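**Student:** My structure file work_18.txt, compact mmCIF, C-alpha atoms and all ligand atoms, is below:
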# COMPACT_ATOMS: atom_id res chain seq x y z
CA MET J 1 18.62 -78.98 -30.09
CA PHE J 2 20.02 -76.51 -32.59
CA MET J 3 19.18 -77.08 -36.24
CA LYS J 4 20.85 -75.39 -39.17
CA TYR J 5 18.78 -73.28 -41.58
CA LEU J 6 19.57 -71.52 -44.83
CA ALA J 7 18.07 -68.10 -45.56
CA ILE J 8 17.75 -66.50 -48.98
CA LEU J 9 18.19 -62.83 -48.13
CA GLY J 10 16.03 -59.98 -49.42
CA ARG J 11 16.99 -57.11 -51.73
CA GLN J 12 18.83 -55.24 -48.98
CA PRO J 13 20.92 -58.17 -47.76
CA GLU J 14 22.83 -56.35 -45.01
CA ILE J 15 19.52 -55.42 -43.38
CA SER J 16 18.22 -59.00 -43.75
CA LEU J 17 21.43 -60.28 -42.19
CA ALA J 18 21.07 -57.87 -39.25
CA GLU J 19 17.50 -59.14 -38.75
CA LEU J 20 18.72 -62.75 -38.56
CA GLU J 21 21.55 -61.76 -36.22
CA ALA J 22 19.07 -60.10 -33.87
CA LEU J 23 17.00 -63.28 -33.58
CA PHE J 24 19.21 -66.33 -34.13
CA SER J 25 22.63 -67.68 -33.26
CA ASN J 26 25.65 -68.55 -35.38
CA VAL J 27 24.57 -66.44 -38.38
CA GLN J 28 27.08 -66.91 -41.20
CA GLY J 29 26.89 -65.10 -44.51
CA ILE J 30 27.71 -67.47 -47.40
CA ASN J 31 27.60 -64.77 -50.05
CA LYS J 32 25.60 -61.60 -50.56
CA ASN J 33 22.34 -63.53 -51.07
CA LEU J 34 22.64 -66.40 -48.63
CA ALA J 35 23.25 -66.99 -44.94
CA THR J 36 22.97 -69.91 -42.56
CA PHE J 37 21.92 -69.72 -38.92
CA ASP J 38 21.01 -71.98 -36.01
CA SER J 39 17.68 -72.18 -34.23
CA THR J 40 16.15 -74.53 -31.68
CA THR J 41 12.64 -74.03 -33.10
CA PRO J 42 11.67 -73.93 -36.79
CA PRO J 43 11.63 -70.26 -37.84
CA ASP J 44 8.44 -68.89 -39.39
CA ILE J 45 9.03 -67.21 -42.76
CA ASN J 46 5.87 -65.09 -42.21
CA ARG J 47 7.63 -63.27 -39.39
CA LEU J 48 10.88 -62.52 -41.21
CA GLY J 49 10.44 -59.48 -43.45
CA GLY J 50 14.02 -59.68 -44.74
CA CYS J 51 13.98 -63.30 -45.79
CA LEU J 52 12.76 -64.50 -49.21
CA LYS J 53 13.02 -68.23 -48.62
CA LEU J 54 14.04 -70.59 -45.84
CA ALA J 55 15.57 -74.01 -46.39
CA ILE J 56 17.06 -76.91 -44.45
CA PRO J 57 20.02 -79.10 -45.40
CA LEU J 58 18.90 -82.12 -47.41
CA ASN J 59 21.46 -84.46 -45.77
CA LYS J 60 20.87 -86.93 -48.63
CA LYS J 61 21.60 -87.15 -52.33
CA PRO J 62 18.72 -85.32 -54.11
CA LEU J 63 17.78 -88.44 -56.07
CA GLU J 64 17.51 -90.55 -52.94
CA TYR J 65 15.38 -87.87 -51.30
CA MET J 66 13.06 -87.55 -54.28
CA ALA J 67 12.68 -91.27 -54.86
CA ASN J 68 11.28 -91.58 -51.33
CA LEU J 69 8.61 -88.88 -51.70
CA PRO J 70 4.99 -90.03 -51.16
CA ALA J 71 3.19 -91.51 -54.17
CA GLY J 72 1.68 -89.12 -56.72
CA LYS J 73 2.85 -86.51 -59.16
CA ILE J 74 5.89 -84.48 -58.07
CA THR J 75 6.47 -80.82 -58.90
CA LEU J 76 10.17 -79.95 -58.75
CA GLY J 77 11.78 -76.53 -58.75
CA LEU J 78 15.52 -76.05 -58.65
CA SER J 79 17.49 -72.96 -57.68
CA ASP J 80 21.19 -73.16 -58.27
CA TYR J 81 23.37 -70.72 -56.31
CA SER J 82 26.67 -72.42 -57.21
CA LYS J 83 29.45 -70.34 -58.69
CA ASN J 84 29.26 -69.69 -62.45
CA THR J 85 25.83 -71.28 -62.83
CA THR J 86 23.51 -70.23 -65.61
CA LYS J 87 19.85 -70.74 -66.31
CA LYS J 88 20.91 -73.53 -68.69
CA THR J 89 22.98 -75.49 -66.17
CA ALA J 90 20.25 -75.15 -63.54
CA SER J 91 17.59 -76.43 -65.98
CA MET J 92 19.85 -79.31 -67.04
CA GLU J 93 20.37 -80.33 -63.42
CA ALA J 94 16.59 -80.42 -62.85
CA LEU J 95 15.94 -82.33 -66.07
CA LYS J 96 18.64 -84.86 -65.18
CA LEU J 97 16.79 -85.61 -61.93
CA LYS J 98 13.49 -85.80 -63.80
CA LYS J 99 14.84 -88.28 -66.33
CA ILE J 100 16.05 -90.74 -63.68
CA LEU J 101 12.86 -90.46 -61.64
CA VAL J 102 10.69 -91.01 -64.72
CA ARG J 103 12.73 -94.14 -65.44
CA HIS J 104 11.77 -95.29 -61.95
CA GLY J 105 8.11 -94.81 -62.80
CA ARG J 106 7.52 -91.44 -61.09
CA SER J 107 5.44 -88.73 -62.65
CA ILE J 108 7.18 -85.36 -62.36
CA ARG J 109 6.83 -81.80 -63.60
CA VAL J 110 9.82 -79.47 -63.55
CA VAL J 111 9.17 -75.76 -62.98
CA GLU J 112 10.81 -73.82 -65.79
CA ASN J 113 13.90 -71.82 -64.82
CA LYS J 114 13.86 -68.29 -66.22
CA GLU J 115 17.15 -67.81 -64.37
CA ALA J 116 19.47 -70.08 -62.40
CA ILE J 117 17.32 -69.37 -59.37
CA LEU J 118 13.55 -69.36 -59.13
CA SER J 119 12.02 -66.05 -58.11
CA THR J 120 9.92 -65.83 -54.96
CA ALA J 121 6.82 -65.28 -57.12
CA THR J 122 7.51 -68.41 -59.20
CA SER J 123 8.06 -70.56 -56.10
CA LEU J 124 4.93 -69.15 -54.47
CA HIS J 125 2.68 -69.58 -57.51
CA ASN J 126 3.82 -73.17 -57.97
CA GLY J 127 3.16 -73.92 -54.30
CA LEU J 128 6.80 -74.94 -53.73
CA GLY J 129 8.15 -75.26 -50.20
CA GLY J 130 4.64 -75.25 -48.73
CA LYS J 131 2.49 -77.87 -47.05
CA ASN J 132 2.26 -80.22 -50.05
CA ASP J 133 5.28 -82.51 -49.66
CA ARG J 134 5.29 -83.40 -53.34
CA LYS J 135 5.78 -79.78 -54.47
CA ILE J 136 9.38 -79.21 -53.68
CA GLU J 137 12.15 -76.76 -54.37
CA LEU J 138 15.73 -77.86 -54.04
CA ILE J 139 18.61 -75.43 -53.63
CA LYS J 140 22.05 -76.33 -54.85
CA ILE J 141 25.14 -74.49 -53.62
CA ASN J 142 28.13 -76.20 -55.23
CA ASN J 143 28.02 -79.70 -53.67
CA ASP J 144 25.51 -78.86 -50.94
CA TRP J 145 21.79 -79.41 -51.31
CA TYR J 146 18.95 -77.84 -49.34
CA LYS J 147 15.18 -78.19 -49.38
CA VAL J 148 12.98 -75.08 -49.22
CA ILE J 149 10.60 -75.06 -46.23
CA GLY J 150 9.09 -71.59 -46.61
CA VAL J 151 8.63 -68.89 -49.24
CA GLN J 152 7.83 -65.27 -48.46
CA ASP J 153 4.15 -64.67 -49.14
CA ILE J 154 4.51 -61.49 -51.18
CA GLU J 155 0.80 -61.47 -51.92
CA LYS J 156 -0.18 -61.32 -48.27
CA TYR J 157 2.25 -58.46 -47.64
CA ALA J 158 0.86 -56.58 -50.65
CA LYS J 159 -2.73 -57.13 -49.48
CA ARG J 160 -2.21 -55.75 -46.03
CA ASP J 161 -0.24 -52.85 -47.47
CA GLN J 162 -2.47 -51.79 -50.35
CA ASN J 163 -5.91 -52.64 -48.98
CA ARG J 164 -5.64 -50.63 -45.76
CA PRO J 165 -8.46 -48.09 -45.68
CA ALA J 166 -6.35 -45.12 -44.50
CA ARG J 167 -3.18 -44.41 -46.42
CA ASP J 168 -1.22 -41.19 -46.69
CA ALA J 169 1.51 -40.82 -49.30
CA LYS J 170 2.81 -37.69 -47.52
CA VAL J 171 3.91 -39.49 -44.36
CA GLY J 172 5.61 -42.09 -46.54
CA MET J 173 4.65 -45.66 -47.09
CA LEU J 174 6.56 -47.91 -44.78
CA PRO J 175 6.52 -51.37 -46.40
CA PRO J 176 5.08 -53.98 -43.97
CA LYS J 177 8.21 -56.10 -44.52
CA LEU J 178 10.41 -53.27 -43.28
CA ALA J 179 8.09 -52.70 -40.31
CA GLN J 180 8.56 -56.38 -39.41
CA ILE J 181 12.32 -56.00 -39.73
CA LEU J 182 12.29 -52.97 -37.38
CA ILE J 183 10.41 -55.04 -34.79
CA ASN J 184 12.70 -58.04 -35.24
CA LEU J 185 15.81 -55.88 -34.87
CA CYS J 186 14.64 -55.38 -31.26
CA GLY J 187 15.64 -59.02 -30.71
CA PRO J 188 13.42 -61.86 -29.45
CA LEU J 189 10.35 -60.54 -27.58
CA LYS J 190 7.94 -62.56 -25.45
CA PRO J 191 4.42 -63.03 -26.88
CA GLY J 192 2.21 -60.26 -25.55
CA SER J 193 5.10 -57.78 -25.18
CA THR J 194 4.18 -54.14 -25.72
CA VAL J 195 5.78 -52.55 -28.78
CA LEU J 196 5.66 -48.74 -28.78
CA ASP J 197 5.73 -46.64 -31.97
CA PRO J 198 5.86 -42.95 -30.94
CA PHE J 199 5.69 -41.78 -34.61
CA CYS J 200 2.96 -44.24 -35.59
CA GLY J 201 1.55 -42.36 -38.62
CA THR J 202 -0.89 -44.69 -40.38
CA GLY J 203 0.12 -47.59 -38.14
CA VAL J 204 2.19 -50.00 -40.23
CA VAL J 205 4.56 -50.91 -37.37
CA LEU J 206 1.57 -51.33 -35.03
CA GLN J 207 -0.18 -53.56 -37.55
CA GLU J 208 2.84 -55.82 -37.93
CA ALA J 209 3.37 -55.93 -34.16
CA LEU J 210 -0.21 -57.10 -33.68
CA LEU J 211 0.18 -59.75 -36.36
CA MET J 212 3.29 -61.01 -34.59
CA GLY J 213 1.35 -61.48 -31.36
CA TYR J 214 2.46 -58.33 -29.53
CA ARG J 215 0.50 -55.47 -28.04
CA ALA J 216 0.74 -52.30 -30.08
CA TYR J 217 0.99 -48.86 -28.53
CA GLY J 218 1.06 -45.93 -30.93
CA THR J 219 1.38 -42.19 -30.45
CA ASP J 220 1.80 -39.41 -33.00
CA LEU J 221 1.87 -35.63 -32.97
CA ASN J 222 -0.85 -35.46 -35.58
CA GLU J 223 -4.39 -36.32 -34.42
CA ARG J 224 -5.32 -37.23 -38.00
CA MET J 225 -2.65 -39.93 -37.98
CA ILE J 226 -4.15 -41.39 -34.82
CA GLU J 227 -7.50 -41.59 -36.59
CA TYR J 228 -5.81 -43.28 -39.57
CA SER J 229 -4.02 -45.80 -37.37
CA SER J 230 -7.25 -46.55 -35.53
CA LYS J 231 -9.13 -47.10 -38.80
CA ASN J 232 -6.38 -49.35 -40.15
CA LEU J 233 -6.06 -51.47 -37.04
CA GLU J 234 -9.83 -51.93 -36.76
CA TRP J 235 -9.83 -53.00 -40.41
CA LEU J 236 -6.97 -55.41 -39.78
CA SER J 237 -8.75 -57.15 -36.95
CA GLU J 238 -11.99 -57.38 -38.95
CA LYS J 239 -10.19 -58.87 -41.93
CA ASN J 240 -9.25 -61.98 -39.99
CA PHE J 241 -5.60 -61.59 -40.89
CA PHE J 242 -4.94 -63.08 -37.49
CA LEU J 243 -6.71 -66.36 -38.05
CA GLY J 244 -4.15 -69.00 -38.78
CA HIS J 245 -1.80 -66.45 -40.27
CA PHE J 246 0.98 -66.92 -37.77
CA GLY J 247 1.29 -70.17 -35.94
CA GLY J 248 3.05 -70.72 -32.68
CA HIS J 249 1.80 -67.84 -30.61
CA ASP J 250 -0.69 -67.70 -27.82
CA ARG J 251 -2.51 -64.57 -28.67
CA GLU J 252 -4.39 -63.12 -25.76
CA LEU J 253 -8.01 -62.37 -26.43
CA GLY J 254 -10.04 -59.52 -25.11
CA ARG J 255 -9.91 -55.81 -24.76
CA SER J 256 -6.97 -53.59 -24.13
CA PRO J 257 -6.12 -53.78 -20.44
CA ARG J 258 -5.37 -50.09 -20.22
CA ASP J 259 -7.92 -48.54 -17.86
CA ASP J 260 -7.06 -44.92 -18.42
CA GLY J 261 -10.06 -44.04 -20.55
CA ARG J 262 -8.02 -44.39 -23.74
CA GLU J 263 -8.95 -48.01 -24.09
CA ARG J 264 -10.33 -49.00 -27.47
CA PRO J 265 -12.25 -52.20 -27.90
CA VAL J 266 -10.97 -54.23 -30.82
CA SER J 267 -13.40 -55.76 -33.26
CA GLN J 268 -13.66 -59.51 -32.89
CA GLU J 269 -11.51 -59.14 -29.79
CA LYS J 270 -8.41 -60.51 -31.40
CA CYS J 271 -5.73 -58.01 -30.51
CA PHE J 272 -4.65 -55.25 -28.19
CA PHE J 273 -3.81 -51.80 -29.33
CA SER J 274 -3.79 -48.40 -27.75
CA LEU J 275 -3.43 -45.02 -29.47
CA SER J 276 -2.89 -41.45 -28.24
CA GLN J 277 -2.03 -38.11 -29.72
CA GLY J 278 1.27 -36.78 -28.35
CA ASP J 279 4.58 -35.11 -29.12
CA ALA J 280 7.36 -37.70 -28.85
CA THR J 281 9.75 -35.08 -27.50
CA ASN J 282 7.73 -34.58 -24.29
CA PHE J 283 5.03 -37.26 -24.04
CA GLN J 284 4.69 -39.44 -20.94
CA TRP J 285 3.89 -42.96 -22.16
CA ASP J 286 2.00 -45.60 -20.22
CA GLN J 287 3.94 -48.56 -18.94
CA PRO J 288 5.01 -51.21 -19.74
CA ILE J 289 7.18 -50.50 -22.78
CA ASP J 290 9.01 -53.68 -23.75
CA ALA J 291 10.39 -52.48 -27.07
CA VAL J 292 10.32 -49.37 -29.23
CA ALA J 293 10.23 -49.81 -33.02
CA CYS J 294 9.49 -46.89 -35.27
CA GLU J 295 10.09 -44.87 -38.37
CA GLY J 296 10.76 -41.37 -37.07
CA TYR J 297 10.02 -38.09 -38.76
CA LEU J 298 11.79 -38.18 -42.16
CA GLY J 299 11.49 -34.50 -43.03
CA LYS J 300 10.31 -33.06 -46.33
CA PRO J 301 9.59 -35.55 -49.13
CA MET J 302 12.10 -34.87 -51.93
CA SER J 303 12.21 -35.68 -55.61
CA LYS J 304 15.66 -34.23 -56.32
CA ILE J 305 18.99 -34.10 -54.51
CA PRO J 306 18.83 -31.32 -51.89
CA THR J 307 21.02 -28.23 -52.04
CA GLU J 308 23.50 -27.67 -49.19
CA ILE J 309 21.09 -25.16 -47.59
CA GLU J 310 18.11 -27.53 -47.81
CA LEU J 311 20.21 -30.34 -46.41
CA LYS J 312 21.35 -28.23 -43.47
CA GLU J 313 17.76 -27.21 -42.69
CA GLN J 314 16.45 -30.76 -42.92
CA LYS J 315 19.29 -32.16 -40.80
CA GLN J 316 18.57 -29.57 -38.13
CA GLU J 317 14.80 -30.15 -38.12
CA CYS J 318 14.93 -33.96 -38.17
CA GLY J 319 17.93 -34.13 -35.82
CA ALA J 320 16.14 -32.00 -33.22
CA ILE J 321 13.05 -34.27 -33.27
CA VAL J 322 14.93 -37.56 -33.05
CA THR J 323 17.31 -36.40 -30.31
CA GLY J 324 14.45 -34.71 -28.42
CA PHE J 325 12.51 -37.98 -28.59
CA LEU J 326 15.39 -40.18 -27.45
CA LYS J 327 16.17 -37.82 -24.56
CA ASN J 328 12.52 -37.87 -23.46
CA LEU J 329 12.30 -41.66 -23.80
CA VAL J 330 15.43 -42.69 -21.93
CA SER J 331 14.06 -42.00 -18.44
CA GLN J 332 10.81 -43.84 -19.26
CA ILE J 333 12.25 -47.23 -20.24
CA GLU J 334 14.10 -49.87 -18.31
CA SER J 335 17.73 -50.70 -18.80
CA GLY J 336 18.13 -53.18 -21.67
CA THR J 337 14.99 -52.05 -23.55
CA PRO J 338 15.60 -52.15 -27.32
CA VAL J 339 14.90 -49.03 -29.38
CA VAL J 340 15.00 -49.42 -33.16
CA ILE J 341 14.40 -46.27 -35.15
CA ALA J 342 14.59 -45.45 -38.85
CA ILE J 343 15.80 -41.89 -39.34
CA PRO J 344 16.40 -40.01 -42.59
CA ALA J 345 19.59 -40.03 -44.66
CA TRP J 346 19.77 -37.96 -47.84
CA LEU J 347 21.20 -38.98 -51.19
CA ARG J 348 24.10 -36.80 -52.33
CA GLU J 349 25.45 -36.12 -55.82
CA ASP J 350 28.29 -38.63 -55.28
CA GLY J 351 25.78 -41.42 -54.58
CA ARG J 352 26.59 -41.56 -50.85
CA HIS J 353 24.10 -40.79 -48.12
CA GLU J 354 24.34 -37.84 -45.79
CA ARG J 355 23.48 -39.17 -42.32
CA LEU J 356 22.47 -37.36 -39.15
CA ASP J 357 25.59 -36.99 -37.07
CA ILE J 358 24.00 -37.88 -33.72
CA LEU J 359 25.52 -41.19 -32.61
CA ASP J 360 27.84 -39.67 -29.98
CA LEU J 361 24.99 -37.61 -28.59
CA ILE J 362 22.78 -40.70 -28.39
CA THR J 363 25.52 -42.64 -26.58
CA ASP J 364 25.91 -39.80 -24.06
CA MET J 365 22.14 -39.88 -23.43
CA GLY J 366 22.43 -43.44 -22.12
CA TYR J 367 22.00 -45.74 -25.13
CA ASN J 368 24.31 -48.35 -26.59
CA VAL J 369 24.43 -48.25 -30.36
CA ASN J 370 24.13 -51.89 -31.39
CA ASN J 371 24.72 -51.53 -35.12
CA LYS J 372 27.66 -53.74 -36.04
CA SER J 373 29.59 -50.84 -37.40
CA ARG J 374 28.82 -47.18 -37.11
CA GLU J 375 28.04 -47.23 -40.81
CA GLY J 376 24.28 -47.06 -41.11
CA LEU J 377 21.94 -49.80 -42.20
CA ILE J 378 20.56 -47.80 -45.09
CA TYR J 379 17.24 -48.89 -46.57
CA CYS J 380 16.82 -47.22 -49.92
CA ARG J 381 14.83 -47.89 -53.05
CA GLU J 382 16.31 -47.05 -56.42
CA LYS J 383 16.52 -43.28 -57.04
CA GLN J 384 14.95 -42.53 -53.64
CA ILE J 385 16.31 -39.27 -52.24
CA VAL J 386 15.31 -39.67 -48.60
CA ALA J 387 16.54 -43.06 -47.44
CA ARG J 388 15.94 -44.69 -44.06
CA ASP J 389 18.95 -45.11 -41.80
CA ILE J 390 18.15 -47.79 -39.23
CA LEU J 391 19.61 -47.32 -35.75
CA ILE J 392 19.60 -50.26 -33.33
CA LEU J 393 19.84 -48.94 -29.79
CA ARG J 394 19.46 -50.41 -26.33
CA LYS J 395 19.20 -48.45 -23.11
CA LYS J 396 22.40 -48.95 -21.09
C1 LIG J 401 7.54 -41.00 -41.57
S1 LIG J 401 6.07 -40.81 -40.71
C2 LIG J 401 5.79 -42.39 -40.01
C3 LIG J 401 4.88 -43.22 -40.89
C4 LIG J 401 4.48 -44.50 -40.27
N1 LIG J 401 5.57 -45.42 -40.15
C5 LIG J 401 3.30 -45.15 -40.97
O1 LIG J 401 3.15 -46.36 -40.87
O2 LIG J 401 2.50 -44.46 -41.61
C6 LIG J 401 6.51 -39.84 -39.34
C7 LIG J 401 5.38 -39.49 -38.42
O3 LIG J 401 5.94 -38.75 -37.34
C8 LIG J 401 4.97 -37.82 -36.91
N2 LIG J 401 5.67 -36.78 -36.14
C9 LIG J 401 6.42 -35.74 -36.57
N3 LIG J 401 6.94 -35.09 -35.53
C10 LIG J 401 6.53 -35.72 -34.40
C11 LIG J 401 6.74 -35.52 -33.01
N4 LIG J 401 7.48 -34.52 -32.55
N5 LIG J 401 6.17 -36.39 -32.15
C12 LIG J 401 5.41 -37.41 -32.61
N6 LIG J 401 5.16 -37.63 -33.90
C13 LIG J 401 5.71 -36.80 -34.79
C14 LIG J 401 4.28 -37.36 -38.17
O4 LIG J 401 2.97 -36.88 -37.89
C15 LIG J 401 4.27 -38.65 -39.00
O5 LIG J 401 3.06 -39.34 -38.85
Please go through the file and, once you have read it, give me the structure as structure tokens.
**Tutor:**
Amino acid sequence: MFMKYLAILGRQPEISLAELEALFSNVQGINKNLATFDSTTPPDINRLGGCLKLAIPLNKKPLEYMANLPAGKITLGLSDYSKNTTKKTASMEALKLKKILVRHGRSIRVVENKEAILSTATSLHNGLGGKNDRKIELIKINNDWYKVIGVQDIEKYAKRDQNRPARDAKVGMLPPKLAQILINLCGPLKPGSTVLDPFCGTGVVLQEALLMGYRAYGTDLNERMIEYSSKNLEWLSEKNFFLGHFGGHDRELGRSPRDDGRERPVSQEKCFFSLSQGDATNFQWDQPIDAVACEGYLGKPMSKIPTEIELKEQKQECGAIVTGFLKNLVSQIESGTPVVIAIPAWLREDGRHERLDILDLITDMGYNVNNKSREGLIYCREKQIVARDILILRKK
């Protein structure tokens, strides 16, 4: 049976929305921060890089719901997304609930609102929306009430980002959340599916694929990057990130099944990964390839807006690699295989992004471009010159 869920979208809401659309049905944006969607199974917030919180409709008056909570002290947080709400009105709403419940003999602590909505960090640090059913966060959207059932664990993302033994600022630091989004944009994948990253660098996409219960297959032109990925994935499996981190998946145990001499045993035998050095524009990958998720070559790192000449050079260099890769790949994957790739887009003086003009070429190669519009899904941090333009493709 389908159930309705509410998602609080991340900082780049159009990318978060695309992630939900790739995985769930009936996705409806409520405003730029919120969307609802339907799912037959409860979604796992730990697998949704673009989602800050998940909630379900309360289907009751908040007072009635709270009065029936199990005995013991209640911690209540309230996030008010109604129109024209302020920190003050949100706090007053929470205190009103507290007052009535105290009159009914309940002990209750209200989490202080620094704004009308509680930040992810505040919800997380107060244990709201987690396993303790007396630590609750309610969401109010005009007359509708929801109860938070999951909060993005920003600390776990930071740990597996910052503590990796092999990092390289030059190849860029793909945030684990964005790596998860790239994988999710491939659409639902069966547990144990093989996710290929042909530009694997230090292995962030591979790491997230493993954590999601998939097999990870990485290749990169640079042998040093293969060593870095190997180091990072060994570290990941030793760190027990897998244990209890994601529920709901049968993770296969054992060694990589590849018997081509490239097999690498995985510490504690908790995951499968395979790594090889190779140029994505001519490499012959092992089969099967169930999905391709990657951050391609992004060109020169830049700290100021490029001149027209620099831009032309970079577009040529990066364009040749991405089109060479897609051309090489198309004959090696089955029809319907998803290919999600982040390619560079450069900030211009007018604040717009200069994109690679390759969509027609890609279509002619035998891919459908699945982005809703031909406008890119641009992932960009403030003042970043080289942004990531996410293409969602599927072999015709
Ligand atoms: C932006 S980085 C990817 C970083 C990666 N997402 C990570 O987690 O570290 C791009 C990578 O593409 C690799 N690369 C560049 N040209 C390539 C090619 N023709 N074939 C394969 N890899 C290539 C670079 O060595 C680099 O590691």
**Student:** Listed atoms of ligand LIG 401 (chain J), axis-aligned box, 6 Å per side: centre and edge lengths to one decimal in Å, as JSON?
**Tutor:**
{"center_x": 5.0, "center_y": -40.4, "center_z": -36.9, "size_x": 17.0, "size_y": 23.8, "size_z": 21.5}
**Student:** Considering all atoms listed in the file, state which residue in the set J:Ser82, J:Asn282, J:Asn143, J:Gln384 is at the smallest distance from J:Leu221.
**Tutor:**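 Residue with the minimum atom-to-atom distance to J:Leu221: J:Asn282.
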**Student:** Neighbours of J:Val102 within 12 Å (only C-alpha atoms; same-chain residues fewer than 6 positions away dropped), as a VMD selection string?
**Tutor:** chain J and resid 63 66 to 67 73 to 74 95 to 96 108 to 110
**Student:** Rank J:Gly296, J:Gly376, J:Gly319, J:Pro306 by their smallest atom-to-atom distance to ligand LIG 401 (chain J), using all atoms listed in the file, and report the top residue only.
**Tutor:**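 When distances to ligand LIG 401 (chain J) are compared using all atoms listed in the file, the smallest one comes from J:Gly296.
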**Student:** Quick one: residues within 12 Å of J:Pro288, only C-alpha atoms, excluding same-chain residues fewer than 3 positions away - as a list in words?
**Tutor:**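 Non-adjacent residues within range: Gly192, Ser193, Thr194, Val195, Leu196, Arg215, Ala216, Tyr217, Pro257, Arg258, Gln284, Trp285, Ala291, Val292, Gln332, Ile333, Glu334 and Thr337 of chain J.
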**Student:** Find the residues near J:Ser335: any atom within 10 Å, counting only C-alpha atoms, skip ones fewer than 3 places away on the same chain, and give them as a list of chain:residue names.
**Tutor:**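 Contacts, in chain order: J:Val330, J:Ser331, J:Gln332, J:Pro338, J:Gly366, J:Tyr367, J:Arg394, J:Lys395, J:Lys396.
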**Student:** Do you know which residues lie at most 10 Å from (4.9, -78.7, -52.3), with coordinates as in the file and only C-alpha atoms counted, and could you write them as a list in words?
**Tutor:**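 The distance filter leaves exactly Ile74, Thr75, Leu76, Gly77, Ser123, Leu124, Asn126, Gly127, Leu128, Gly129, Gly130, Lys131, Asn132, Asp133, Arg134, Lys135, Ile136, Glu137, Val148 and Ile149 of chain J.
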**Student:** Return as a PyMOL selection string the residues of protein, DNA or RNA that approach ligand LIG 401 (chain J) to within 7 Å, with all atoms listed in the file taken into account.
**Tutor:** chain J and resi 171-174+198-205+219-222+225+278-281+294-298+321
**Student:** Which of these, J:Leu20, J:Met212, J:Leu236, J:Cys51, has the shortest distance to J:Phe37 once you count all atoms listed in the file?
**Tutor:**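 Looking only at the distances to J:Phe37, the closest residue turns out to be J:Leu20.
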